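Enquirer: protein-v7.cif is reproduced below (mmCIF, C-alpha atoms and all ligand atoms).
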```
data_entry
#
loop_
_atom_site.label_atom_id
_atom_site.label_comp_id
_atom_site.auth_asym_id
_atom_site.auth_seq_id
_atom_site.Cartn_x
_atom_site.Cartn_y
_atom_site.Cartn_z
CA MET A 1019 20.92 12.85 -23.43
CA GLU A 1020 22.35 9.48 -24.49
CA VAL A 1021 21.72 6.40 -22.37
CA ARG A 1022 24.20 3.68 -23.34
CA VAL A 1023 22.87 0.17 -22.84
CA GLY A 1024 24.67 -3.15 -22.39
CA LEU A 1025 22.56 -6.31 -22.73
CA ILE A 1026 23.56 -9.69 -21.29
CA GLY A 1027 21.85 -12.75 -22.79
CA TYR A 1028 20.61 -12.91 -26.35
CA LYS A 1029 17.97 -15.60 -26.70
CA PHE A 1030 14.24 -15.23 -25.99
CA MET A 1031 14.34 -12.16 -23.75
CA GLY A 1032 17.50 -10.91 -25.44
CA LYS A 1033 15.47 -10.56 -28.63
CA ALA A 1034 12.50 -8.96 -26.92
CA HIS A 1035 14.72 -6.41 -25.16
CA SER A 1036 16.78 -5.66 -28.28
CA ASN A 1037 13.61 -4.99 -30.21
CA ALA A 1038 12.44 -2.60 -27.47
CA TRP A 1039 15.74 -0.69 -27.26
CA GLY A 1040 15.73 -0.43 -31.06
CA GLN A 1041 12.14 0.83 -31.23
CA VAL A 1042 11.92 3.19 -28.31
CA ASN A 1043 13.60 6.28 -29.81
CA ARG A 1044 11.39 6.08 -32.87
CA PHE A 1045 8.06 5.92 -31.06
CA PHE A 1046 8.58 7.73 -27.76
CA LYS A 1047 9.94 11.18 -26.94
CA THR A 1048 11.42 10.59 -23.51
CA GLY A 1049 14.21 13.16 -23.65
CA ALA A 1050 16.76 10.33 -23.51
CA ARG A 1051 18.17 8.49 -26.52
CA ALA A 1052 18.84 4.80 -25.98
CA VAL A 1053 22.12 3.71 -27.56
CA MET A 1054 22.59 -0.03 -28.09
CA ARG A 1055 26.24 -0.04 -27.11
CA ALA A 1056 27.09 -3.72 -26.42
CA VAL A 1057 25.58 -7.19 -26.13
CA CYS A 1058 27.17 -10.08 -24.24
CA GLY A 1059 27.00 -13.83 -24.85
CA ARG A 1060 29.51 -16.62 -24.35
CA ASP A 1061 29.60 -17.86 -27.95
CA GLU A 1062 31.44 -15.14 -29.84
CA ASN A 1063 30.27 -16.07 -33.34
CA ALA A 1064 26.67 -16.39 -32.30
CA VAL A 1065 26.65 -13.14 -30.35
CA ARG A 1066 28.30 -11.29 -33.27
CA GLY A 1067 25.55 -12.51 -35.58
CA PHE A 1068 22.96 -11.41 -33.06
CA ALA A 1069 24.56 -7.96 -32.67
CA GLU A 1070 24.55 -7.45 -36.43
CA ASN A 1071 20.94 -8.48 -36.80
CA TRP A 1072 19.64 -6.33 -33.94
CA GLY A 1073 21.90 -3.30 -34.20
CA TRP A 1074 24.20 -3.64 -31.18
CA GLN A 1075 27.42 -1.67 -31.74
CA SER A 1076 29.84 -4.12 -30.10
CA VAL A 1077 30.02 -7.51 -28.36
CA GLU A 1078 31.52 -9.00 -25.22
CA THR A 1079 31.88 -12.66 -24.27
CA ASP A 1080 32.34 -12.09 -20.54
CA TRP A 1081 29.58 -10.27 -18.65
CA ARG A 1082 32.12 -8.83 -16.18
CA ARG A 1083 33.83 -6.97 -19.00
CA LEU A 1084 30.54 -5.55 -20.22
CA VAL A 1085 29.55 -4.43 -16.73
CA SER A 1086 32.87 -2.66 -16.15
CA ARG A 1087 32.91 -0.75 -19.45
CA PRO A 1088 32.93 3.01 -18.87
CA ASP A 1089 30.82 3.55 -21.98
CA ILE A 1090 27.85 1.60 -20.52
CA ASP A 1091 25.26 3.40 -18.35
CA VAL A 1092 22.61 0.68 -18.08
CA VAL A 1093 23.05 -3.07 -17.64
CA ASP A 1094 20.14 -5.10 -18.97
CA ILE A 1095 20.07 -8.64 -17.55
CA ALA A 1096 18.35 -11.24 -19.75
CA THR A 1097 20.13 -14.38 -18.54
CA PRO A 1098 18.82 -17.38 -16.56
CA ASN A 1099 17.87 -16.76 -12.94
CA ASP A 1100 21.05 -18.06 -11.28
CA SER A 1101 23.10 -15.20 -12.74
CA HIS A 1102 20.75 -12.28 -11.92
CA ALA A 1103 22.17 -11.63 -8.44
CA MET A 1104 25.85 -11.78 -9.30
CA ILE A 1105 25.47 -9.57 -12.38
CA ALA A 1106 23.16 -7.07 -10.68
CA ILE A 1107 25.34 -6.74 -7.58
CA GLU A 1108 28.49 -6.18 -9.67
CA ALA A 1109 26.64 -3.72 -11.92
CA ALA A 1110 25.49 -1.79 -8.84
CA ARG A 1111 29.07 -1.74 -7.52
CA GLN A 1112 30.15 -0.27 -10.85
CA GLY A 1113 27.50 2.45 -10.52
CA LYS A 1114 25.35 1.23 -13.42
CA ALA A 1115 21.60 1.47 -13.68
CA ILE A 1116 20.04 -2.00 -13.84
CA LEU A 1117 17.10 -3.53 -15.65
CA CYS A 1118 16.80 -7.14 -14.51
CA GLU A 1119 14.56 -9.91 -15.80
CA LYS A 1120 12.07 -11.60 -13.54
CA PRO A 1121 12.05 -13.51 -11.31
CA LEU A 1122 14.45 -11.07 -9.69
CA ALA A 1123 16.13 -13.94 -7.85
CA ARG A 1124 15.89 -17.63 -6.98
CA SER A 1125 14.96 -16.88 -3.36
CA LEU A 1126 13.96 -14.05 -1.06
CA LYS A 1127 17.43 -14.13 0.52
CA GLU A 1128 19.05 -13.59 -2.85
CA ALA A 1129 16.61 -10.80 -3.73
CA LEU A 1130 17.39 -9.05 -0.44
CA THR A 1131 21.12 -9.03 -1.27
CA MET A 1132 20.30 -7.42 -4.63
CA LEU A 1133 18.07 -4.85 -2.96
CA ALA A 1134 20.83 -4.04 -0.46
CA ALA A 1135 23.33 -3.55 -3.31
CA VAL A 1136 21.19 -1.11 -5.33
CA ARG A 1137 20.46 0.82 -2.13
CA LYS A 1138 24.12 0.93 -1.10
CA TYR A 1139 25.34 2.17 -4.49
CA LYS A 1140 22.21 4.28 -5.13
CA VAL A 1141 21.71 3.10 -8.70
CA ALA A 1142 18.48 3.20 -10.69
CA ASN A 1143 16.88 -0.24 -10.78
CA MET A 1144 13.89 -1.87 -12.41
CA VAL A 1145 12.54 -5.37 -13.01
CA TRP A 1146 11.17 -6.54 -16.35
CA HIS A 1147 7.55 -7.07 -15.39
CA ASN A 1148 6.64 -5.95 -18.88
CA TYR A 1149 3.01 -7.05 -18.47
CA ARG A 1150 2.47 -3.99 -16.28
CA ARG A 1151 2.83 -2.08 -19.55
CA ILE A 1152 -0.19 -3.64 -21.19
CA PRO A 1153 -2.60 -0.70 -21.67
CA ALA A 1154 -5.54 -2.77 -20.38
CA LEU A 1155 -3.66 -3.45 -17.13
CA GLN A 1156 -2.96 0.23 -16.71
CA LEU A 1157 -6.66 0.89 -17.21
CA CYS A 1158 -7.55 -1.83 -14.66
CA ARG A 1159 -5.34 -0.07 -12.13
CA ARG A 1160 -7.06 3.22 -12.88
CA ILE A 1161 -10.52 1.67 -12.54
CA VAL A 1162 -9.55 0.29 -9.13
CA LYS A 1163 -7.95 3.60 -8.04
CA GLU A 1164 -11.09 5.49 -9.05
CA GLY A 1165 -13.06 3.23 -6.72
CA ARG A 1166 -15.25 1.84 -9.50
CA LEU A 1167 -14.99 -1.71 -8.13
CA GLY A 1168 -15.77 -0.60 -4.57
CA ILE A 1169 -14.44 -2.92 -1.89
CA ILE A 1170 -12.40 -5.65 -3.55
CA ARG A 1171 -13.47 -9.11 -2.42
CA HIS A 1172 -11.97 -11.56 -4.93
CA ILE A 1173 -8.77 -11.70 -6.98
CA ARG A 1174 -8.61 -14.78 -9.19
CA ALA A 1175 -5.60 -15.24 -11.47
CA VAL A 1176 -4.28 -18.02 -13.68
CA TYR A 1177 -1.22 -18.49 -15.89
CA LEU A 1178 -1.49 -21.57 -18.08
CA GLN A 1179 1.01 -23.11 -20.50
CA ASP A 1180 1.56 -26.65 -21.83
CA TRP A 1181 5.10 -26.68 -23.28
CA ILE A 1182 6.54 -29.44 -21.07
CA GLN A 1183 3.53 -31.74 -21.34
CA ASP A 1184 5.57 -34.37 -23.22
CA PRO A 1185 7.62 -36.51 -20.77
CA LYS A 1186 10.32 -36.68 -23.46
CA PHE A 1187 10.79 -32.93 -23.35
CA PRO A 1188 14.35 -32.40 -22.05
CA LEU A 1189 15.65 -31.09 -18.77
CA VAL A 1190 16.27 -27.46 -19.77
CA TRP A 1191 17.52 -24.86 -17.26
CA ARG A 1192 13.95 -23.87 -16.37
CA LEU A 1193 13.45 -27.36 -14.88
CA LYS A 1194 16.53 -27.25 -12.65
CA GLY A 1195 16.12 -25.83 -9.16
CA ASP A 1196 19.76 -24.73 -8.79
CA ILE A 1197 19.47 -22.52 -11.88
CA ALA A 1198 15.81 -21.49 -11.99
CA GLY A 1199 15.01 -21.45 -8.26
CA SER A 1200 11.52 -22.76 -8.99
CA GLY A 1201 9.44 -23.87 -11.97
CA ALA A 1202 6.06 -22.53 -13.08
CA HIS A 1203 6.05 -20.68 -9.75
CA GLY A 1204 8.93 -18.21 -10.28
CA ASP A 1205 8.49 -18.17 -14.02
CA ILE A 1206 4.79 -17.46 -14.47
CA ASN A 1207 3.10 -17.34 -11.07
CA ALA A 1208 5.49 -14.42 -10.45
CA HIS A 1209 3.80 -12.56 -13.31
CA ILE A 1210 0.19 -12.92 -12.17
CA LEU A 1211 1.15 -12.12 -8.62
CA ASP A 1212 2.90 -8.96 -9.80
CA ALA A 1213 0.03 -8.01 -12.11
CA THR A 1214 -2.61 -8.29 -9.39
CA ARG A 1215 -0.44 -6.47 -6.83
CA PHE A 1216 0.10 -3.71 -9.39
CA ILE A 1217 -3.60 -3.35 -10.20
CA THR A 1218 -5.02 -3.55 -6.70
CA GLY A 1219 -2.14 -1.99 -4.75
CA SER A 1220 -2.56 -4.75 -2.18
CA GLU A 1221 -0.05 -7.33 -0.93
CA PRO A 1222 -0.47 -10.97 0.05
CA VAL A 1223 -0.32 -11.14 3.84
CA GLU A 1224 -0.72 -14.88 4.38
CA VAL A 1225 -0.62 -17.71 1.87
CA CYS A 1226 -1.27 -21.42 1.47
CA ALA A 1227 0.07 -23.27 -1.56
CA HIS A 1228 0.56 -26.66 -3.14
CA PHE A 1229 3.35 -27.36 -5.65
CA GLU A 1230 3.24 -30.42 -7.91
CA THR A 1231 5.92 -32.02 -10.10
CA PHE A 1232 4.13 -34.42 -12.44
CA ILE A 1233 7.16 -35.67 -14.38
CA LYS A 1234 10.02 -36.31 -12.00
CA GLU A 1235 12.74 -37.33 -14.50
CA ARG A 1236 13.46 -36.15 -18.01
CA PRO A 1237 16.04 -36.67 -20.74
CA VAL A 1238 19.10 -34.54 -20.15
CA GLY A 1239 18.79 -31.56 -22.47
CA ALA A 1240 20.69 -28.84 -24.20
CA MET A 1241 21.02 -25.68 -22.08
CA THR A 1242 18.52 -23.63 -24.03
CA GLY A 1243 15.64 -21.94 -22.34
CA GLY A 1244 12.46 -23.52 -23.62
CA LEU A 1245 10.43 -24.83 -26.49
CA GLY A 1246 12.49 -26.42 -29.28
CA ALA A 1247 15.19 -27.71 -26.92
CA LYS A 1248 16.77 -31.01 -28.05
CA ALA A 1249 17.03 -34.05 -25.79
CA GLY A 1250 20.45 -35.58 -25.14
CA ARG A 1251 21.41 -38.97 -23.65
CA GLY A 1252 20.51 -40.15 -20.15
CA LYS A 1253 18.00 -38.86 -17.64
CA GLY A 1254 18.08 -36.27 -14.91
CA ARG A 1255 15.84 -35.27 -12.03
CA VAL A 1256 13.37 -32.41 -12.37
CA THR A 1257 13.95 -30.26 -9.29
CA VAL A 1258 11.24 -27.63 -9.71
CA ASP A 1259 7.43 -27.52 -9.64
CA ASP A 1260 5.45 -28.18 -12.83
CA ALA A 1261 2.35 -26.51 -11.42
CA VAL A 1262 1.31 -24.50 -8.39
CA ILE A 1263 -1.98 -23.52 -6.81
CA ALA A 1264 -2.07 -20.92 -4.06
CA LEU A 1265 -4.51 -19.08 -1.83
CA ALA A 1266 -3.75 -15.67 -0.39
CA ARG A 1267 -5.27 -13.31 2.12
CA MET A 1268 -4.58 -9.79 0.84
CA SER A 1269 -3.78 -6.58 2.70
CA ASN A 1270 -6.93 -4.93 1.28
CA GLY A 1271 -9.15 -7.63 2.81
CA ALA A 1272 -9.68 -9.53 -0.45
CA ILE A 1273 -9.07 -13.24 -0.85
CA ALA A 1274 -7.03 -14.35 -3.83
CA THR A 1275 -6.27 -17.51 -5.78
CA TYR A 1276 -3.31 -18.05 -8.07
CA GLU A 1277 -2.78 -21.01 -10.37
CA ALA A 1278 0.22 -21.51 -12.66
CA SER A 1279 0.92 -24.57 -14.75
CA ARG A 1280 3.07 -25.79 -17.62
CA PHE A 1281 0.73 -28.78 -17.99
CA ALA A 1282 -2.51 -27.06 -19.00
CA ASN A 1283 -2.94 -28.95 -22.25
CA GLY A 1284 -3.92 -26.62 -25.08
CA ARG A 1285 -3.05 -23.44 -23.21
CA LYS A 1286 0.03 -21.78 -24.70
CA ASN A 1287 0.45 -18.54 -22.84
CA GLY A 1288 -3.04 -18.17 -21.46
CA TRP A 1289 -3.00 -15.91 -18.49
CA GLY A 1290 -5.58 -13.63 -17.02
CA PHE A 1291 -7.54 -12.59 -13.99
CA GLU A 1292 -10.92 -11.53 -12.68
CA ILE A 1293 -11.35 -9.09 -9.84
CA ASN A 1294 -14.70 -8.72 -8.11
CA GLY A 1295 -15.64 -5.80 -5.91
CA SER A 1296 -18.75 -4.50 -4.17
CA LYS A 1297 -19.53 -2.14 -7.08
CA GLY A 1298 -18.29 -4.06 -10.09
CA SER A 1299 -15.80 -6.45 -11.66
CA ILE A 1300 -12.99 -6.53 -14.22
CA LYS A 1301 -11.80 -9.44 -16.35
CA PHE A 1302 -8.68 -9.69 -18.51
CA GLU A 1303 -7.23 -12.38 -20.80
CA PHE A 1304 -3.75 -11.92 -22.22
CA GLU A 1305 -4.62 -13.59 -25.52
CA ARG A 1306 -7.00 -10.65 -26.06
CA MET A 1307 -4.62 -8.16 -24.55
CA ASN A 1308 -6.15 -5.05 -26.12
CA GLU A 1309 -9.47 -5.71 -24.40
CA LEU A 1310 -10.87 -5.43 -20.94
CA GLN A 1311 -14.21 -6.63 -19.58
CA PHE A 1312 -15.85 -4.31 -17.08
CA TYR A 1313 -19.05 -4.87 -15.12
CA ASP A 1314 -20.66 -1.91 -13.39
CA ALA A 1315 -23.32 -2.96 -10.88
CA SER A 1316 -24.77 0.57 -10.90
CA ASP A 1317 -25.88 0.27 -14.54
CA PRO A 1318 -29.70 0.18 -14.91
CA ALA A 1319 -30.91 -3.41 -14.45
CA HIS A 1320 -31.96 -3.84 -18.09
CA LEU A 1321 -28.46 -2.88 -19.33
CA ARG A 1322 -26.40 -4.70 -16.73
CA GLY A 1323 -23.68 -7.01 -18.04
CA PHE A 1324 -19.98 -7.15 -18.77
CA ARG A 1325 -18.99 -4.59 -21.37
CA ARG A 1326 -15.99 -5.06 -23.63
CA ILE A 1327 -13.65 -2.07 -23.65
CA LEU A 1328 -11.19 -1.90 -26.52
CA VAL A 1329 -8.27 -0.20 -24.80
CA THR A 1330 -6.98 1.89 -27.67
CA GLU A 1331 -8.73 5.22 -27.03
CA PRO A 1332 -6.79 8.41 -26.22
CA GLY A 1333 -7.05 9.16 -22.51
CA GLN A 1334 -7.46 5.51 -21.53
CA HIS A 1335 -3.75 4.97 -20.93
CA GLU A 1336 -0.43 6.73 -21.21
CA TYR A 1337 1.07 4.82 -24.15
CA ILE A 1338 -1.61 5.40 -26.77
CA SER A 1339 -0.16 8.55 -28.29
CA ALA A 1340 3.14 6.78 -29.04
CA TRP A 1341 1.51 4.08 -31.17
CA TRP A 1342 -1.38 3.89 -33.62
CA PRO A 1343 -4.82 5.49 -34.05
CA PRO A 1344 -7.73 4.07 -32.01
CA GLY A 1345 -8.62 0.48 -32.90
CA HIS A 1346 -5.16 -0.28 -34.27
CA ILE A 1347 -4.15 -2.84 -31.71
CA ILE A 1348 -0.71 -3.54 -30.25
CA GLY A 1349 0.98 -6.82 -29.21
CA TYR A 1350 3.42 -8.62 -26.92
CA GLU A 1351 6.56 -6.80 -28.07
CA HIS A 1352 5.03 -3.38 -27.41
CA THR A 1353 4.94 -4.12 -23.68
CA PHE A 1354 8.74 -4.22 -23.67
CA THR A 1355 9.06 -0.99 -25.65
CA ASN A 1356 6.57 0.70 -23.31
CA GLN A 1357 8.65 -0.48 -20.36
CA VAL A 1358 11.89 0.84 -21.86
CA ALA A 1359 10.18 4.20 -22.49
CA ASP A 1360 9.10 4.33 -18.83
CA PHE A 1361 12.61 3.39 -17.80
CA LEU A 1362 14.18 6.20 -19.84
CA THR A 1363 11.68 8.78 -18.58
CA GLY A 1364 12.18 7.78 -14.94
CA TYR A 1365 15.95 7.44 -15.28
CA LEU A 1366 16.24 10.92 -16.76
CA ALA A 1367 13.99 12.47 -14.09
CA LYS A 1368 15.67 10.41 -11.33
CA LYS A 1369 12.19 9.23 -10.33
CA PRO A 1370 11.38 5.78 -8.84
CA LEU A 1371 10.95 3.08 -11.45
CA SER A 1372 8.13 0.55 -11.39
CA PRO A 1373 8.59 -2.15 -10.36
CA ASP A 1374 11.92 -1.43 -8.72
CA PHE A 1375 13.92 -4.00 -6.72
CA LEU A 1376 12.04 -3.05 -3.53
CA ASP A 1377 8.64 -3.58 -5.11
CA ASN A 1378 9.76 -6.83 -6.70
CA THR A 1379 11.40 -8.12 -3.53
CA ARG A 1380 7.89 -7.91 -2.07
CA ASN A 1381 6.70 -10.11 -4.94
CA GLN A 1382 9.57 -12.47 -4.14
CA ALA A 1383 8.59 -12.52 -0.46
CA ALA A 1384 5.09 -13.74 -1.41
CA LEU A 1385 6.55 -16.33 -3.79
CA GLU A 1386 8.86 -17.55 -1.04
CA ALA A 1387 6.02 -17.84 1.48
CA MET A 1388 4.06 -19.93 -1.04
CA ALA A 1389 7.05 -22.25 -1.52
CA VAL A 1390 7.47 -22.65 2.25
CA SER A 1391 3.74 -23.27 2.62
CA SER A 1392 3.86 -26.08 0.09
CA GLN A 1393 6.85 -27.68 1.82
CA LYS A 1394 5.39 -27.36 5.32
CA ARG A 1395 1.79 -28.11 4.30
CA ARG A 1396 0.35 -25.11 6.13
CA TRP A 1397 -0.54 -21.37 5.91
CA VAL A 1398 2.50 -19.08 6.05
CA ARG A 1399 2.75 -15.33 6.74
CA VAL A 1400 4.54 -13.30 4.09
CA GLN A 1401 7.69 -11.55 5.31
CA ARG A 1402 7.33 -7.75 5.17
CA VAL A 1403 10.00 -6.03 3.10
CA ASN A 1404 10.73 -2.33 3.63
N1 LIG B 1501 9.45 -10.86 -18.82
C1 LIG B 1501 9.02 -11.98 -19.35
O1 LIG B 1501 7.86 -12.10 -19.72
C2 LIG B 1501 9.96 -13.14 -19.51
C3 LIG B 1501 9.73 -14.12 -20.49
C4 LIG B 1501 10.67 -15.14 -20.63
C5 LIG B 1501 11.78 -15.19 -19.81
N2 LIG B 1501 11.96 -14.24 -18.85
C6 LIG B 1501 13.15 -14.26 -17.97
O2 LIG B 1501 14.28 -13.84 -18.75
C7 LIG B 1501 15.45 -14.53 -18.33
C8 LIG B 1501 16.06 -15.22 -19.54
O3 LIG B 1501 15.12 -16.13 -20.07
P1 LIG B 1501 15.15 -16.56 -21.62
O4 LIG B 1501 13.84 -17.19 -21.89
O5 LIG B 1501 15.59 -15.42 -22.46
O6 LIG B 1501 16.27 -17.68 -21.55
P2 LIG B 1501 17.11 -18.28 -22.77
O7 LIG B 1501 17.65 -19.57 -22.30
O8 LIG B 1501 16.29 -18.20 -24.01
O9 LIG B 1501 18.32 -17.22 -22.91
C9 LIG B 1501 19.28 -17.05 -21.89
C10 LIG B 1501 20.46 -16.31 -22.47
O10 LIG B 1501 21.41 -16.07 -21.43
C11 LIG B 1501 22.71 -16.45 -21.89
N3 LIG B 1501 23.55 -16.76 -20.74
C12 LIG B 1501 23.38 -17.72 -19.81
N4 LIG B 1501 24.36 -17.65 -18.89
C13 LIG B 1501 25.16 -16.61 -19.24
C14 LIG B 1501 26.34 -16.03 -18.71
N5 LIG B 1501 26.91 -16.53 -17.61
N6 LIG B 1501 26.91 -14.98 -19.35
C15 LIG B 1501 26.35 -14.49 -20.48
N7 LIG B 1501 25.23 -14.99 -21.03
C16 LIG B 1501 24.65 -16.03 -20.42
C17 LIG B 1501 22.43 -17.63 -22.80
O11 LIG B 1501 23.51 -17.90 -23.65
C18 LIG B 1501 21.20 -17.08 -23.56
O12 LIG B 1501 21.61 -16.18 -24.56
C19 LIG B 1501 15.00 -15.49 -17.22
O13 LIG B 1501 15.25 -14.91 -15.98
C20 LIG B 1501 13.50 -15.62 -17.44
O14 LIG B 1501 12.79 -15.92 -16.26
C21 LIG B 1501 11.07 -13.22 -18.70
#
```
Transcribe the structure of this file into structure tokens.
Ligand SMILES: NC(=O)c1ccc[n+]([C@@H]2O[C@H](COP(=O)([O-])OP(=O)(O)OC[C@H]3O[C@@H](n4cnc5c(N)ncnc54)[C@H](O)[C@@H]3O)[C@@H](O)[C@H]2O)c1
Expert:
Amino acid sequence: MEVRVGLIGYKFMGKAHSNAWGQVNRFFKTGARAVMRAVCGRDENAVRGFAENWGWQSVETDWRRLVSRPDIDVVDIATPNDSHAMIAIEAARQGKAILCEKPLARSLKEALTMLAAVRKYKVANMVWHNYRRIPALQLCRRIVKEGRLGIIRHIRAVYLQDWIQDPKFPLVWRLKGDIAGSGAHGDINAHILDATRFITGSEPVEVCAHFETFIKERPVGAMTGGLGAKAGRGKGRVTVDDAVIALARMSNGAIATYEASRFANGRKNGWGFEINGSKGSIKFEFERMNELQFYDASDPAHLRGFRRILVTEPGQHEYISAWWPPGHIIGYEHTFTNQVADFLTGYLAKKPLSPDFLDNTRNQAALEAMAVSSQKRRWVRVQRVN
């Protein structure tokens, strides 16, 4: 079966997604063949060049045209956050399956409208939380499910970057509240929140957070997404958080801390977590993404300690057979290909996709409660989403 894909947006995530769609048929046997039918961007010359380089068969300069094409089955949204809802809702109306980048939306309200649309039109839907597809994270989830950590007491997660450290760095879309919704919070706190929810199967019930914006004004910038953006003339107000710290009480009884910053000098994309339970602990660092640290308190006393597991063995996770022999590690881009493979398998079998809009609206509900908590300076209960 052919699954014809239309991608919207062709910069950072556009590249990552194109690479995944291009790779997936070669490495995975899902029963479905991804066809890279069309890519959309507003600059025709640039998007043509992109299509040629990455193997897209045609181009569009208006996302509405792409979404309404009868030869597109799946709409892949890789644009800034302010366009996710309008594209996803129209794609649902047109009966297309949707793969949307995170954060799903700028607010819980917006996410709920997207969830309502995919439910109304009964279309397959998934959010690009590609980090769920890191083999070590899949193994963490299995370790928790098998009860090897016992009762989970602590979840401790950080996501640290430093790319806007320089006050002269321009006001790109990620620093504008009307486009991005929030700053480090929706961009990277969203990831660690999703990762820990995925692994532990527990939800934040009540949260308390503090958001900080260290640099309140920046040179007006070109509308590119991130690093390498050029400053223009004049200054504009930063309307998102630069950093966030949050506490959460989880549905499984654990207490959790989340910290996300774009001002952690020296940290480029340093994210990770530690989870402590009554029987053991796990530790993960993205910059060593093929490894997992596991502590088993039932080991004999003289052997007790964190052990390093290289997560490339057959049987440790579901992706191994698609890639390389044990010890031949994989990287960032593989997480996207793994996700696309899961999408194709689920789409073909008409099975729920993970995370779908419902699952991710729950993530958004926790993000929203943290934002409200920071504004109101108090603990806030997370809205339940069903
Ligand atoms: N999953 C991840 O790990 C991850 C990583 C980075 C970014 N993201 C998310 O991906 C999305 C895109 O981020 P990015 O870093 O690729 O941004 P970017 O600025 O690098 O690229 C955005 C692209 O969208 C295009 N675009 C903007 N408005 C458009 C419109 N109306 N019609 C058509 N094209 C339009 C731009 O021209 C550009 O090609 C964001 O939601 C971001 O949060 C996710």
Enquirer: Can you build me a table of chain A residues sitting at most 6 Å from ligand LIG 1501 (chain B), with the closest atom pair per residue and its distance in Å to one decimal, using all atoms listed in the file, sorted by chain and residue number, as JSON lines?
Expert:
```
{"residue": "A:Ile1026", "atom": "CA", "partner": "B:LIG1501", "partner_atom": "N7", "distance": 5.6}
{"residue": "A:Gly1027", "atom": "CA", "partner": "B:LIG1501", "partner_atom": "O10", "distance": 3.6}
{"residue": "A:Tyr1028", "atom": "CA", "partner": "B:LIG1501", "partner_atom": "O12", "distance": 3.9}
{"residue": "A:Lys1029", "atom": "CA", "partner": "B:LIG1501", "partner_atom": "O8", "distance": 4.1}
{"residue": "A:Phe1030", "atom": "CA", "partner": "B:LIG1501", "partner_atom": "O5", "distance": 3.8}
{"residue": "A:Met1031", "atom": "CA", "partner": "B:LIG1501", "partner_atom": "O5", "distance": 3.7}
{"residue": "A:Gly1032", "atom": "CA", "partner": "B:LIG1501", "partner_atom": "O5", "distance": 5.7}
{"residue": "A:Cys1058", "atom": "CA", "partner": "B:LIG1501", "partner_atom": "C15", "distance": 5.9}
{"residue": "A:Gly1059", "atom": "CA", "partner": "B:LIG1501", "partner_atom": "N7", "distance": 4.4}
{"residue": "A:Arg1060", "atom": "CA", "partner": "B:LIG1501", "partner_atom": "C15", "distance": 5.4}
{"residue": "A:Trp1081", "atom": "CA", "partner": "B:LIG1501", "partner_atom": "N6", "distance": 5.5}
{"residue": "A:Ala1096", "atom": "CA", "partner": "B:LIG1501", "partner_atom": "C8", "distance": 4.6}
{"residue": "A:Thr1097", "atom": "CA", "partner": "B:LIG1501", "partner_atom": "O10", "distance": 3.6}
{"residue": "A:Pro1098", "atom": "CA", "partner": "B:LIG1501", "partner_atom": "C19", "distance": 4.3}
{"residue": "A:Asn1099", "atom": "CA", "partner": "B:LIG1501", "partner_atom": "O13", "distance": 4.4}
{"residue": "A:Glu1119", "atom": "CA", "partner": "B:LIG1501", "partner_atom": "O2", "distance": 4.9}
{"residue": "A:Lys1120", "atom": "CA", "partner": "B:LIG1501", "partner_atom": "O14", "distance": 5.2}
{"residue": "A:Pro1121", "atom": "CA", "partner": "B:LIG1501", "partner_atom": "O14", "distance": 5.6}
{"residue": "A:Trp1146", "atom": "CA", "partner": "B:LIG1501", "partner_atom": "N1", "distance": 5.3}
{"residue": "A:His1147", "atom": "CA", "partner": "B:LIG1501", "partner_atom": "N1", "distance": 5.5}
{"residue": "A:Asn1148", "atom": "CA", "partner": "B:LIG1501", "partner_atom": "N1", "distance": 5.7}
{"residue": "A:Asp1205", "atom": "CA", "partner": "B:LIG1501", "partner_atom": "O14", "distance": 5.3}
{"residue": "A:Thr1242", "atom": "CA", "partner": "B:LIG1501", "partner_atom": "O7", "distance": 4.5}
{"residue": "A:Gly1243", "atom": "CA", "partner": "B:LIG1501", "partner_atom": "O7", "distance": 3.1}
```
Enquirer: Determine the nearest neighbour of Pro1088 in chain A from the options A:Gln1401, A:Thr1231, A:Ser1076, A:Gln1112, counting only C-alpha atoms.
Expert: A:Gln1112
Enquirer: What's around Leu1130 in chain A at 10 Å? Count all atoms listed in the file, leave out sequence neighbours fewer than 5 positions away in its own chain, and write the answer as an NGL selection string.
Expert: :A and (1103 or 1122-1123 or 1125 or 1135 or 1375-1376 or 1379-1380 or 1382-1383 or 1403)
Enquirer: Tell me, as an MDAnalysis selection string, which residues lie within 9 Å of Ala1208 in chain A, counting only C-alpha atoms; anything in the same chain fewer than 4 positions away does not count.
Expert: chainID A and resid 1120:1121 1202:1204 1212:1213 1381:1382 1385
Enquirer: Skip Ile1293 in chain A itself and residues of its chain fewer than 3 positions away, then list as number ranges by chain all residues within 10 Å of it, counting all atoms listed in the file.
Expert: A: 1158, 1162, 1167, 1170-1175, 1214, 1217-1218, 1272, 1274, 1298-1302, 1312
Enquirer: Please put the answer as AutoDock Vina command-line options: centre and edge lengths, in Å with one decimal, of a box along x, y and z that encloses all listed atoms of range 1348-1359 of chain A plus 4 Å on each side.
Expert:
```
--center_x 5.6 --center_y -2.2 --center_z -25.3 --size_x 20.6 --size_y 20.8 --size_z 17.9
```
Enquirer: May I ask for the distance between CA of Gly1345 in chain A and CA of Arg1159 in chain A, given in Å to one decimal place?
Expert: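 Computed distance, CA of Gly1345 in chain A to CA of Arg1159 in chain A, equals 21.0 Å.
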Enquirer: Would you list the contacts of Ala1142 in chain A as a CSV table (one decimal) with C-alpha atoms, in the frame of the given file, taking every protein, DNA or RNA residue within 7 Å and counting all atoms listed in the file, but skipping same-chain residues closer than 2 positions in sequence?
Expert:
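And here is the file that came out, result-v2.csv:
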```csv
chain,number,residue,atom,x,y,z
A,1115,ALA,CA,21.6,1.5,-13.7
A,1116,ILE,CA,20.0,-2.0,-13.8
A,1140,LYS,CA,22.2,4.3,-5.1
A,1365,TYR,CA,16.0,7.4,-15.3
```
